[in-house]
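Asks: Below is one structure. I have some questions about it.
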Amino acid sequence: MKRILFVCLGNICRSPAAEEIMRQLIAVEGMEHVFAVDSAGIGGWHVGDLPDPRMRAHGKKHGYDFTSRARQFTVEDFDRFDLIVAMDHENEMDLAARIRSPYDKAKIVCMADYLRHHPMHHTVPDPYYGGEQGFELVIDLLEDACRGLLDELMKKNKRR
């Protein structure tokens with residue numbers, strides 16, 4: 001089974017949304033036996049909390065139920081996951097600062113690298129301090145990037 005971890009700053013907006021969006025895409029493809037997903041935050045400020053109420057409200061409008069509980073990324077996550085997906089370059093650098101080996105480094109990717117329909121975006125921006133449009137943008141970007149990531153993973157899985 002390929003295990004994927006989505007990481008953002010606090011694990012209450014972008015990464016739990018990516019986790020649920022990807023989980024639903026995996027279910028639609030009938031690939032639950034192939035892929036497992038989780039999410040974590042760089043910081044521990046929100047450990048145990050549900051996702052931000054604004055993200056949950058916007059998610060509901062799109063048919064998602066963001067209910068995972070926040071947790072903090074640990075170095076052991078490099079052992080538990082095959083792919084660690086950072087939402088932005090700062091998250092990517094924070095993860096890279098924790099690597100123990102080239103093997104750990106090879107697991108880190110940026111979510112925006114899988115965008116197919118949003119060429120002007122190089123990260124999934126943090127909507128926490130912005131307005132309502134930021135949460136809608138994040139969901140749009142994550143739907144696009146999760147689809148792109150899953151398509152790539154399914155291609156690699158078929159080659160094996």
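Chain labels follow the order of the structure tokens: the first chain is A, the next B, and so on; residue numbering restarts at 1 in every chain, and ligands are counted from 1 in their shown order.
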Each residue of segment 85-145 of chain A lying at most 12 Å from segment 63-72 of chain A should get a row with its shortest atom-to-atom pair and the distance in Å to one decimal, counting only C-alpha atoms; could you produce that, ordered by chain and increasing number, as a Markdown table?

Replies:
| residue | atom | partner | partner_atom | distance |
| --- | --- | --- | --- | --- |
| A:Leu95 | CA | A:Gln72 | CA | 11.7 |
| A:Ile139 | CA | A:Tyr64 | CA | 9.9 |
| A:Glu143 | CA | A:Tyr64 | CA | 11.0 |

Asks: Which residues are close to segment 28-34 of chain A, i.e. within 7 Å by only C-alpha atoms, leaving aside same-chain residues fewer than 3 positions away? Reply as a list in words.

Replies: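 Those residues are Met1, Lys2, Gln24 and Leu25 of chain A.
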
Asks: Store the residues picked out above in a file with C-alpha atoms, as a compact mmCIF listing (two decimals), in the first residue's frame.

Replies:
# COMPACT_ATOMS: atom_id res chain seq x y z
CA MET A 1 0.00 0.00 0.00
CA LYS A 2 1.25 3.48 -0.91
CA GLN A 24 -12.80 10.60 -2.04
CA LEU A 25 -10.93 10.44 -5.35

Asks: From chain A, collect each residue whose DSSP state is strand (DSSP E) and return the set as a PyMOL selection string.

Replies: chain A and resi 2-8+35-41+83-86+108-110

Asks: Would you please work out which residue, of A:Ala40, A:Met120, A:Leu142, A:Met87, is nearest to Ala17 of chain A when using only C-alpha atoms?

Replies: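 Of all the options, A:Leu142 lies closest to Ala17 of chain A.
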
Asks: May I have the residues within 7 Å of segment 78-86 of chain A as a ChimeraX atom specification, using only C-alpha atoms and disregarding those fewer than 5 positions away in the same chain?

Replies: /A:2-8,91-92,104,107-111

Asks: Please produce a file of the residues just selected, as a short mmCIF file (atom, residue, chain, number, x, y, z; two decimals), in the first residue's frame, where the atoms kept are N, CA and C atoms.

Replies:
data_model
loop_
_atom_site.label_atom_id
_atom_site.label_comp_id
_atom_site.auth_asym_id
_atom_site.auth_seq_id
_atom_site.Cartn_x
_atom_site.Cartn_y
_atom_site.Cartn_z
N LYS A 2 0.53 2.21 -0.83
CA LYS A 2 1.25 3.48 -0.91
C LYS A 2 0.60 4.45 0.07
N ARG A 3 1.40 4.95 1.02
CA ARG A 3 0.90 5.86 2.05
C ARG A 3 1.34 7.29 1.74
N ILE A 4 0.35 8.22 1.75
CA ILE A 4 0.59 9.61 1.38
C ILE A 4 0.22 10.50 2.57
N LEU A 5 1.12 11.43 2.90
CA LEU A 5 0.89 12.38 3.98
C LEU A 5 0.88 13.79 3.40
N PHE A 6 -0.20 14.52 3.65
CA PHE A 6 -0.32 15.92 3.23
C PHE A 6 0.06 16.80 4.42
N VAL A 7 0.89 17.82 4.17
CA VAL A 7 1.40 18.66 5.25
C VAL A 7 1.21 20.14 4.93
N CYS A 8 0.66 20.86 5.93
CA CYS A 8 0.61 22.32 5.85
C CYS A 8 1.11 22.86 7.19
N ASN A 91 6.58 25.13 3.81
CA ASN A 91 6.35 23.80 4.40
C ASN A 91 7.39 22.81 3.89
N GLU A 92 7.70 22.92 2.62
CA GLU A 92 8.69 22.05 2.00
C GLU A 92 10.06 22.23 2.66
N ASP A 104 14.77 10.16 2.90
CA ASP A 104 13.71 11.04 3.43
C ASP A 104 13.44 12.18 2.45
N LYS A 107 11.19 11.72 -0.58
CA LYS A 107 9.75 11.55 -0.34
C LYS A 107 8.98 12.87 -0.38
N ILE A 108 9.68 14.00 -0.26
CA ILE A 108 9.02 15.30 -0.17
C ILE A 108 8.74 15.86 -1.56
N VAL A 109 7.49 16.24 -1.79
CA VAL A 109 7.09 16.89 -3.03
C VAL A 109 6.18 18.08 -2.69
N CYS A 110 5.99 18.96 -3.65
CA CYS A 110 5.11 20.11 -3.47
C CYS A 110 3.77 19.84 -4.17
N MET A 111 2.69 20.11 -3.47
CA MET A 111 1.35 19.85 -3.99
C MET A 111 1.12 20.55 -5.33
#

Asks: Determine the nearest neighbour of Met55 of chain A from the options A:Leu153, A:Met22, A:Ala106, A:Cys13, counting only C-alpha atoms.

Replies: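 Result for the nearest residue to Met55 of chain A: A:Cys13.
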
Asks: Write down as a ChimeraX atom specification the residues of chain A whose backbone DSSP state falls under alpha helix (DSSP H).

Replies: /A:14-28,53-61,77-80,89-96,102-106,132-159

Asks: Pick out the closest residue to Gly130 of chain A from this set: A:Arg100, A:His89, A:Val47, A:Arg54. Count only C-alpha atoms.

Replies: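 Looking only at the distances to Gly130 of chain A, the closest residue turns out to be A:Arg54.
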
Asks: Give me, please, the distance in Å between atom CA of Glu132 of chain A and atom CA of Arg23 of chain A, quoted to one decimal.

Replies: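 Value for the atom CA of Glu132 of chain A-atom CA of Arg23 of chain A distance: 24.0 Å.
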
Asks: Find the distance between atom CA of Asp88 of chain A and atom CA of Lys158 of chain A and write it in Å to one decimal.

Replies: 28.8 Å

Asks: How many Å separate atom CA of Asp144 of chain A from atom CA of Ala57 of chain A?

Replies: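 Between atom CA of Asp144 of chain A and atom CA of Ala57 of chain A the gap is 19.5 Å.
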
Asks: Which residues are near Ile26 of chain A? Cut-off 10 Å, only C-alpha atoms, ignore same chain within fewer than 6 positions. Put them as a VMD selection string.

Replies: chain A and resid 20 32 to 37 146 to 147 150 154

Asks: If we count only C-alpha atoms and set the cut-off at 7 Å, which residues sit around Gly10 of chain A, ignoring sequence neighbours fewer than 6 positions away in its own chain? Please answer as a VMD selection string.

Replies: chain A and resid 41 to 46

Asks: Please produce an output containing N, CA, C and O atoms for each residue in the selection, written as a CSV table (one decimal), in the first residue's frame.

Replies:
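Output saved as out_30.csv:
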chain,number,residue,atom,x,y,z
A,41,GLY,N,0.5,18.8,10.5
A,41,GLY,CA,1.0,20.2,10.4
A,41,GLY,C,2.4,20.3,10.9
A,41,GLY,O,2.9,19.5,11.7
A,42,ILE,N,3.1,21.3,10.4
A,42,ILE,CA,4.5,21.6,10.8
A,42,ILE,C,4.5,21.9,12.3
A,42,ILE,O,5.3,21.4,13.1
A,43,GLY,N,3.6,22.8,12.7
A,43,GLY,CA,3.5,23.2,14.1
A,43,GLY,C,2.4,22.4,14.9
A,43,GLY,O,1.5,21.8,14.3
A,44,GLY,N,2.5,22.5,16.2
A,44,GLY,CA,1.6,21.8,17.0
A,44,GLY,C,0.5,22.6,17.7
A,44,GLY,O,-0.2,22.2,18.6
A,45,TRP,N,0.3,23.8,17.2
A,45,TRP,CA,-0.7,24.8,17.8
A,45,TRP,C,-2.1,24.2,17.9
A,45,TRP,O,-2.8,24.6,18.8
A,46,HIS,N,-2.5,23.4,16.9
A,46,HIS,CA,-3.9,23.0,16.8
A,46,HIS,C,-4.1,21.5,17.0
A,46,HIS,O,-5.1,21.0,16.7

Asks: List the neighbours of Tyr129 of chain A out to 12 Å using only C-alpha atoms; skip same-chain residues closer than 4 positions along the sequence, and give me the result as a ChimeraX atom specification.

Replies: /A:13,52,54,125,133-135

Asks: Using only C-alpha atoms for the distances, tell me which of A:Leu50, A:Ala112, A:Val124, A:Tyr103 is nearest to Glu136 of chain A.

Replies: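 Using only C-alpha atoms, the shortest distance to Glu136 of chain A belongs to A:Val124.
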
Asks: Of the residues A:Tyr114, A:Ile21, A:His58, A:Ala97, which is the one nearest to Pro127 of chain A, using only C-alpha atoms?

Replies: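 Using only C-alpha atoms, the shortest distance to Pro127 of chain A belongs to A:His58.
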